[in-house]
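S.K.: This one is input.tsv, TSV, C-alpha atoms.
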chain	number	residue	atom	x	y	z
K	50	ALA	CA	13.06	0.46	-12.81
K	51	THR	CA	13.68	3.24	-15.36
K	52	HIS	CA	12.49	0.89	-18.12
K	53	ASP	CA	9.31	0.03	-16.18
K	54	ALA	CA	8.54	3.70	-15.61
K	55	THR	CA	9.10	4.45	-19.30
K	56	VAL	CA	6.78	1.65	-20.37
K	57	ALA	CA	4.13	2.95	-17.97
K	58	ILE	CA	4.29	6.43	-19.43
K	59	MET	CA	4.16	5.09	-23.00
K	60	GLU	CA	1.00	3.13	-22.25
K	61	PHE	CA	-0.67	6.09	-20.61
K	62	ASP	CA	0.14	9.12	-22.78
K	63	GLU	CA	2.39	9.57	-25.84
K	64	MET	CA	2.84	13.28	-25.14
K	65	SER	CA	3.91	12.49	-21.56
K	66	MET	CA	6.42	10.04	-22.99
K	67	TYR	CA	7.84	12.69	-25.35
K	68	MET	CA	8.18	15.21	-22.52
K	69	PHE	CA	9.68	12.57	-20.25
K	70	MET	CA	12.35	11.58	-22.78
K	71	GLU	CA	13.17	15.22	-23.53
K	72	SER	CA	13.65	15.93	-19.81
K	73	LEU	CA	15.64	12.73	-19.30
K	74	GLY	CA	17.93	13.60	-22.21
K	75	ALA	CA	18.61	17.03	-20.73
K	76	ARG	CA	19.29	15.46	-17.35
K	77	VAL	CA	21.74	12.91	-18.79
K	78	GLU	CA	23.60	15.66	-20.67
K	79	ALA	CA	23.87	17.71	-17.48
K	80	LEU	CA	25.25	14.68	-15.65
K	81	ARG	CA	27.74	14.07	-18.44
K	82	ARG	CA	29.07	17.63	-18.08
K	83	GLN	CA	29.21	17.30	-14.32
K	84	LEU	CA	31.23	14.07	-14.57
K	85	ARG	CA	33.69	15.67	-16.97
K	86	GLU	CA	34.16	18.67	-14.69
K	87	SER	CA	34.65	16.53	-11.60
K	88	GLY	CA	37.32	14.47	-13.32
K	89	VAL	CA	35.77	11.07	-12.71
K	90	GLU	CA	38.00	8.59	-14.55
K	91	CYS	CA	36.69	5.20	-13.47
K	92	VAL	CA	33.93	4.06	-15.84
K	93	ALA	CA	32.28	1.85	-13.22
K	94	GLU	CA	32.28	4.68	-10.69
K	95	ALA	CA	30.90	7.10	-13.26
K	96	ALA	CA	28.15	4.66	-14.30
K	97	GLU	CA	27.11	4.03	-10.70
K	98	SER	CA	27.08	7.74	-9.92
K	99	THR	CA	25.03	8.49	-13.03
K	100	CYS	CA	22.49	5.75	-12.32
K	101	LYS	CA	21.99	6.97	-8.75
K	102	LYS	CA	21.43	10.53	-9.89
K	103	ILE	CA	19.03	9.49	-12.65
K	104	MET	CA	17.06	7.38	-10.19
K	105	GLN	CA	16.92	10.29	-7.74
K	106	TRP	CA	15.71	12.53	-10.56
K	107	MET	CA	13.07	9.94	-11.50
K	108	LYS	CA	11.80	9.82	-7.93
K	109	THR	CA	11.46	13.57	-7.67
K	110	SER	CA	10.36	14.40	-11.24
K	111	SER	CA	8.24	11.43	-12.30
K	112	ASP	CA	4.68	10.66	-11.25
K	113	GLU	CA	5.57	6.95	-11.27
K	114	TYR	CA	7.29	6.95	-7.86
K	115	GLU	CA	6.09	7.43	-4.32
K	116	GLY	CA	9.24	7.68	-2.25
K	117	ASP	CA	11.35	4.60	-2.99
K	118	HIS	CA	8.39	2.70	-4.46
K	119	LEU	CA	7.83	2.40	-8.20
K	120	VAL	CA	4.05	2.56	-8.67
K	121	PRO	CA	3.40	3.11	-12.39
K	122	ARG	CA	-0.18	3.69	-13.44
K	123	VAL	CA	-0.40	0.62	-15.66
K	124	GLY	CA	-3.93	-0.52	-14.79
K	125	MET	CA	-6.21	2.10	-16.33
K	126	LYS	CA	-7.75	-0.42	-18.73
K	127	GLN	CA	-8.76	-2.54	-15.74
K	128	VAL	CA	-10.16	0.56	-13.99
K	129	LEU	CA	-12.35	1.44	-16.97
K	130	LEU	CA	-13.54	-2.16	-17.27
K	131	PHE	CA	-14.48	-2.26	-13.59
K	132	GLU	CA	-16.27	1.08	-13.71
K	133	SER	CA	-18.30	0.08	-16.76
K	134	ASP	CA	-19.31	-3.42	-15.67
K	135	VAL	CA	-19.21	-3.61	-11.87
K	136	THR	CA	-21.11	-1.86	-9.07
K	137	TRP	CA	-20.38	-1.64	-5.36
K	138	ARG	CA	-23.46	-3.74	-4.63
K	139	ARG	CA	-22.21	-6.52	-6.92
K	140	CYS	CA	-18.92	-6.51	-5.02
K	141	LEU	CA	-20.74	-6.92	-1.72
K	142	GLN	CA	-22.82	-9.75	-3.11
K	143	ALA	CA	-19.67	-11.55	-4.27
K	144	VAL	CA	-17.71	-11.11	-1.03
K	145	ASP	CA	-18.05	-13.40	1.96
K	146	SER	CA	-21.05	-12.25	4.01
K	147	ARG	CA	-18.85	-12.37	7.10
K	148	LEU	CA	-16.99	-9.31	5.82
K	149	CYS	CA	-20.17	-7.40	5.11
K	150	LYS	CA	-21.51	-8.09	8.58
K	151	THR	CA	-18.18	-7.18	10.16
K	152	TYR	CA	-18.19	-3.75	8.54
K	153	ASN	CA	-21.94	-3.19	8.24
K	154	ALA	CA	-21.31	-2.53	4.54
K	155	SER	CA	-24.72	-3.18	3.11
K	156	SER	CA	-25.61	-0.35	0.75
K	157	GLU	CA	-24.42	1.38	-2.40
K	158	ASP	CA	-22.74	3.96	-0.16
K	159	CYS	CA	-19.50	2.46	1.09
K	160	LYS	CA	-19.02	3.59	4.69
K	161	VAL	CA	-15.62	1.98	5.30
K	162	ALA	CA	-12.07	2.44	4.05
K	163	CYS	CA	-11.89	-0.20	1.37
K	164	ALA	CA	-10.45	-0.94	-2.05
K	165	VAL	CA	-10.75	-3.44	-4.90
K	166	ALA	CA	-7.78	-4.68	-6.94
K	167	ASP	CA	-7.76	-6.59	-10.23
K	168	VAL	CA	-5.59	-9.71	-9.82
K	169	SER	CA	-5.37	-10.29	-13.57
K	170	GLY	CA	-4.06	-6.80	-14.32
K	171	GLN	CA	-0.37	-5.95	-14.49
K	172	ASP	CA	0.96	-5.21	-10.98
K	173	CYS	CA	-2.46	-5.96	-9.40
K	174	PRO	CA	-3.83	-2.40	-9.85
K	175	LEU	CA	-6.47	-0.75	-7.69
K	176	VAL	CA	-9.73	-0.35	-9.61
K	177	PHE	CA	-11.88	1.07	-6.81
K	178	ILE	CA	-11.28	3.00	-3.58
K	179	SER	CA	-13.90	4.40	-1.23
K	180	GLU	CA	-14.17	7.97	0.04
K	181	GLU	CA	-13.13	6.71	3.47
K	182	PHE	CA	-9.98	5.25	1.90
K	183	GLU	CA	-9.18	8.72	0.55
K	184	THR	CA	-9.82	10.28	3.96
K	185	LEU	CA	-7.69	7.77	5.87
K	186	THR	CA	-4.73	7.71	3.48
K	187	GLY	CA	-4.82	11.16	1.88
K	188	TYR	CA	-4.53	9.60	-1.59
K	189	VAL	CA	-7.31	10.59	-4.00
K	190	ARG	CA	-8.82	8.23	-6.57
K	191	ASP	CA	-7.60	10.29	-9.53
K	192	TRP	CA	-4.04	9.45	-8.51
K	193	ALA	CA	-4.42	6.04	-6.85
K	194	LEU	CA	-6.54	4.10	-9.37
K	195	GLY	CA	-4.56	2.02	-11.80
K	196	ARG	CA	-1.60	1.65	-9.40
K	197	ASN	CA	-0.50	-1.07	-7.00
K	198	CYS	CA	-1.30	-0.22	-3.37
K	199	ARG	CA	2.38	-0.39	-2.31
K	200	PHE	CA	2.37	3.42	-2.30
K	201	LEU	CA	0.86	3.12	1.19
K	202	GLN	CA	4.03	1.54	2.57
K	203	PRO	CA	6.61	3.85	4.23
K	204	ASN	CA	8.44	5.80	1.52
K	205	ASP	CA	11.86	4.97	2.93
K	206	ARG	CA	12.80	1.43	1.85
K	207	PRO	CA	14.98	0.51	4.90
K	208	VAL	CA	12.26	1.72	7.28
K	209	ASN	CA	9.60	-0.25	5.41
K	210	LYS	CA	11.76	-3.38	5.47
K	211	ALA	CA	12.37	-3.08	9.20
K	212	LEU	CA	8.70	-2.58	10.04
K	213	ASN	CA	6.83	-4.59	7.40
K	214	GLU	CA	9.14	-7.08	5.65
K	215	VAL	CA	7.33	-10.27	6.68
K	216	GLU	CA	3.85	-8.79	6.20
K	217	VAL	CA	4.72	-7.39	2.76
K	218	GLN	CA	5.95	-10.81	1.63
K	219	ARG	CA	2.70	-12.39	2.85
K	220	MET	CA	0.72	-9.79	0.90
K	221	ARG	CA	2.71	-10.42	-2.27
K	222	GLU	CA	2.05	-14.15	-2.06
K	223	PHE	CA	-1.65	-13.48	-1.52
K	224	CYS	CA	-1.98	-11.00	-4.39
K	225	LYS	CA	0.35	-12.29	-7.08
K	226	GLU	CA	-2.07	-14.80	-8.57
K	227	GLU	CA	-5.69	-15.88	-8.51
K	228	GLN	CA	-6.68	-18.01	-5.52
K	229	GLU	CA	-9.79	-19.87	-4.48
K	230	VAL	CA	-12.78	-17.61	-3.96
K	231	GLY	CA	-13.20	-16.81	-0.26
K	232	THR	CA	-9.50	-17.08	0.60
K	233	VAL	CA	-8.84	-14.48	3.32
K	234	THR	CA	-5.75	-12.96	4.93
K	235	VAL	CA	-5.21	-10.42	7.70
K	236	ASN	CA	-2.13	-8.17	7.67
K	237	ILE	CA	-1.02	-5.63	10.25
K	238	LEU	CA	1.06	-2.94	8.58
K	239	VAL	CA	2.66	0.35	9.39
K	240	ASN	CA	1.49	2.55	6.51
K	241	GLU	CA	2.08	6.19	5.62
K	242	SER	CA	-0.47	8.73	4.53
K	243	HIS	CA	0.13	11.03	1.58
K	244	SER	CA	1.35	13.62	4.11
K	245	LEU	CA	3.92	11.02	5.37
K	246	PHE	CA	2.10	10.54	8.68
K	247	PRO	CA	2.42	6.89	9.85
K	248	PHE	CA	-0.65	4.89	10.86
K	249	TRP	CA	-1.27	1.32	11.97
K	250	ASN	CA	-3.42	-0.51	9.48
K	251	VAL	CA	-5.29	-3.77	10.06
K	252	LEU	CA	-5.81	-4.88	6.46
K	253	LEU	CA	-8.31	-7.61	5.64
K	254	MET	CA	-8.29	-9.01	2.08
K	255	GLU	CA	-10.42	-11.62	0.35
K	256	HIS	CA	-10.36	-13.14	-3.13
K	257	PHE	CA	-13.65	-13.00	-5.07
K	258	ASN	CA	-14.73	-12.86	-8.69
K	259	ILE	CA	-17.40	-11.25	-10.81
K	260	ASP	CA	-18.36	-12.81	-14.13
K	261	GLY	CA	-15.33	-15.06	-13.83
K	262	ARG	CA	-12.87	-12.16	-13.43
K	263	PRO	CA	-10.72	-12.36	-10.25
K	264	TYR	CA	-10.57	-9.47	-7.80
K	265	ILE	CA	-9.30	-8.81	-4.28
K	266	PHE	CA	-11.51	-6.96	-1.81
K	267	GLY	CA	-9.53	-5.11	0.88
K	268	VAL	CA	-10.77	-3.29	3.98
K	269	GLN	CA	-8.65	-1.14	6.27
K	270	THR	CA	-9.06	-0.45	9.96
K	271	ASN	CA	-6.90	2.07	11.78
K	272	LEU	CA	-5.43	1.24	15.19
K	273	ASP	CA	-5.68	4.66	16.81
K	274	LYS	CA	-5.83	3.99	20.54
K	275	GLU	CA	-2.82	4.83	22.74
K	276	LYS	CA	-0.76	6.16	19.83
K	277	LYS	CA	2.11	7.26	22.09
K	278	ARG	CA	2.61	3.71	23.34
K	279	LEU	CA	2.40	2.27	19.83
K	280	CYS	CA	5.06	4.73	18.67
K	281	GLU	CA	7.52	3.11	21.08
K	282	LEU	CA	7.61	0.11	18.73
K	283	PHE	CA	9.23	2.30	16.06
K	284	ALA	CA	12.52	2.11	17.98
K	285	MET	CA	12.93	-1.33	16.32
K	286	ASN	CA	15.33	-2.78	18.91
K	287	GLU	CA	15.13	-6.48	19.81
K	288	THR	CA	12.31	-5.94	22.29
K	289	CYS	CA	10.30	-3.87	19.83
K	290	VAL	CA	10.67	-6.46	17.07
K	291	ARG	CA	9.45	-9.16	19.43
K	292	GLU	CA	6.49	-7.09	20.61
K	293	LEU	CA	5.52	-6.15	17.06
K	294	ALA	CA	5.41	-9.86	16.17
K	295	ARG	CA	3.24	-10.48	19.25
K	296	LEU	CA	0.82	-7.72	18.23
K	297	ARG	CA	0.45	-9.19	14.75
K	298	ASN	CA	-0.14	-12.66	16.17
K	299	ASP	CA	-2.76	-11.35	18.63
K	300	LEU	CA	-4.74	-9.70	15.82
K	301	GLN	CA	-4.91	-12.69	13.46
K	302	ASP	CA	-8.35	-13.80	14.71
K	303	VAL	CA	-9.80	-10.29	14.98
K	304	VAL	CA	-12.25	-10.86	12.10
K	305	ASP	CA	-13.81	-13.88	13.79
K	306	GLU	CA	-14.09	-12.02	17.10
K	307	ALA	CA	-15.67	-9.01	15.43
K	308	ALA	CA	-18.25	-11.21	13.72
K	309	LYS	CA	-18.94	-13.14	16.94
K	310	ASP	CA	-19.34	-10.06	19.14
K	311	GLY	CA	-21.16	-8.02	16.51
K	312	THR	CA	-19.16	-4.94	17.51
K	313	GLY	CA	-17.43	-4.26	14.20
K	314	LEU	CA	-13.80	-4.67	13.25
K	315	TYR	CA	-12.67	-1.27	14.48
K	316	GLU	CA	-13.92	-1.91	18.00
K	317	ALA	CA	-12.65	-5.50	18.04
K	318	ALA	CA	-9.18	-4.53	16.77
K	319	ASN	CA	-8.73	-1.69	19.24
K	320	LYS	CA	-10.04	-3.89	22.08
K	321	LYS	CA	-7.34	-6.44	21.25
K	322	LEU	CA	-4.82	-3.62	21.02
K	323	MET	CA	-5.58	-2.49	24.57
K	324	LYS	CA	-5.14	-6.04	25.82
K	325	PHE	CA	-1.80	-6.24	24.00
K	326	LEU	CA	-0.62	-2.94	25.50
K	327	ASN	CA	-1.41	-4.18	29.02
K	328	GLY	CA	1.20	-6.89	28.50
K	329	MET	CA	3.84	-4.65	26.94
K	330	PRO	CA	7.19	-4.52	28.84
K	331	ALA	CA	7.74	-1.59	31.19
K	332	SER	CA	10.85	-0.66	29.20
K	333	LEU	CA	8.54	0.40	26.32
K	334	LEU	CA	6.32	2.69	28.38
K	335	PRO	CA	6.50	6.23	26.99
K	336	LEU	CA	8.04	8.96	29.09
K	337	GLU	CA	5.45	11.44	30.31
Reformat the file's structure so that it appears as structure tokens.

M.R.:
Amino acid sequence: ATHDATVAIMEFDEMSMYMFMESLGARVEALRRQLRESGVECVAEAAESTCKKIMQWMKTSSDEYEGDHLVPRVGMKQVLLFESDVTWRRCLQAVDSRLCKTYNASSEDCKVACAVADVSGQDCPLVFISEEFETLTGYVRDWALGRNCRFLQPNDRPVNKALNEVEVQRMREFCKEEQEVGTVTVNILVNESHSLFPFWNVLLMEHFNIDGRPYIFGVQTNLDKEKKRLCELFAMNETCVRELARLRNDLQDVVDEAAKDGTGLYEAANKKLMKFLNGMPASLLPLE
């Protein structure tokens, strides 16, 4: 991970790399003195302790981490290419019309929380995010572009694994390589905003291309009805795990229902959510 972060900094800014290495050298020397003073004799123990402390320093001092997630900004070349050659209207024209109708996204002004990622770029970097994406997540384009979207996952790795493990694996399979144009997936994730506030995200993604270059179009919808009852699922006991799987299964056809009813994805997703909550066990009802 340290190597990946170093490579990212080298690609982005030589001066940043120089400052990074100078700071890292000072940190390693401080750790060396600390190990000598504490009398650590076992080499393996000393190496493990040093690695942990360096990683903790990287997470708090480097711009390449968001919590436990390494998100180096390695896709700036792809961002510049997208901004010079592609417009929002061209994206809409390339994406399945079902998505456009679902979100009423039909103008140069993007009115939904959405993003575009370049599949061919290293780590599938974001090359476009809408203003609504910034509002929903708290992450601004100056920081987010050029990075993989994993920064939206809960910062704490064990928490993220407990809540999102299966969905994250599905996303990785969908994003790791180019797929047939029009291939769509729906994921239901617990995400975190930049201020560490959790939110339930219905994420719809579709593969498309422009001038033969592969991209992924993603649109986010927030489940924001009955938040107190949804929070009960964070307990992550056996019942909660089962109910979370049921919620994700219930929402798999939400895009089709939104298109059929003409109500929009937000309304369709929250309508399905209310139906799900009506069937939730009494043991998960919040205390008033």

S.K.: Taking all atoms listed in the file into account, name the residue in K:Val123, K:Ala166, K:Leu80, K:Leu279 that is nearest to Asn258 (chain K).

M.R.: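 Closest residue, counting all atoms listed in the file: K:Ala166.
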
S.K.: So, with all atoms listed in the file as the atoms that count, which of K:Phe248, K:Glu216, K:Phe182, K:Arg85 lies closest to Thr99 (chain K)?

M.R.: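 Of the candidates, the smallest distance to Thr99 (chain K) is held by K:Arg85.
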
S.K.: Can you pull out the residues contacting Gly328 (chain K)? Cut-off 12 Å, using only C-alpha atoms, and skip same-chain residues under 5 positions away; I want them as a list of chain:residue names.

M.R.: K:Arg278, K:Glu292, K:Arg295, K:Leu296, K:Asp299, K:Lys321, K:Leu322, K:Met323, K:Leu333, K:Leu334

S.K.: For region 234-247 of chain K, work out the shell of residues within 8 Å, counting all atoms listed in the file and skipping chain neighbours fewer than 3 positions away, then give it as a ChimeraX atom specification.

M.R.: /K:185-188,201-204,212-213,216,220,223,250-255,297,300-301

S.K.: Select, from K:Thr288, K:Asn319, K:Gln228, K:Gln83, the residue with the minimum atom-to-atom distance to Asp273 (chain K), counting only C-alpha atoms.

M.R.: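 Counting only C-alpha atoms, the residue closest to Asp273 (chain K) is K:Asn319.
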
S.K.: Find, counting all atoms listed in the file, the residue in K:Val230, K:Asn271, K:Ile265, K:Arg122 that gets nearest to Glu181 (chain K).

M.R.: K:Asn271

S.K.: Please, what distance in Å, to one decimal, runs between CA of Val77 (chain K) and CA of Lys102 (chain K)?

M.R.: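 A separation of 9.2 Å between them.
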
S.K.: Provide the CA of Ser110 (chain K) to CA of Ala193 (chain K) distance in Å, to one decimal place.

M.R.: 17.5 Å

S.K.: Mind pulling up the distance from CA of His256 (chain K) to CA of Val233 (chain K)?

M.R.: 6.8 Å

S.K.: Could you check the closest approach to Pro121 (chain K) for each of K:Leu175, K:Leu326, K:Cys100, K:Ala75 and tell me which residue wins, using all atoms listed in the file?

M.R.: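 Result for the nearest residue to Pro121 (chain K): K:Leu175.
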
S.K.: Counting only C-alpha atoms, which residue out of K:Ala211, K:Val120, K:Lys126, K:Gly311 sits closest to Phe283 (chain K)?

M.R.: K:Ala211

S.K.: Excluding Arg206 (chain K) and any residue of its chain fewer than 4 positions from it, enumerate the residues within 8 Å of it, using all atoms listed in the file, and give them as a ChimeraX atom specification.

M.R.: /K:117-118,210
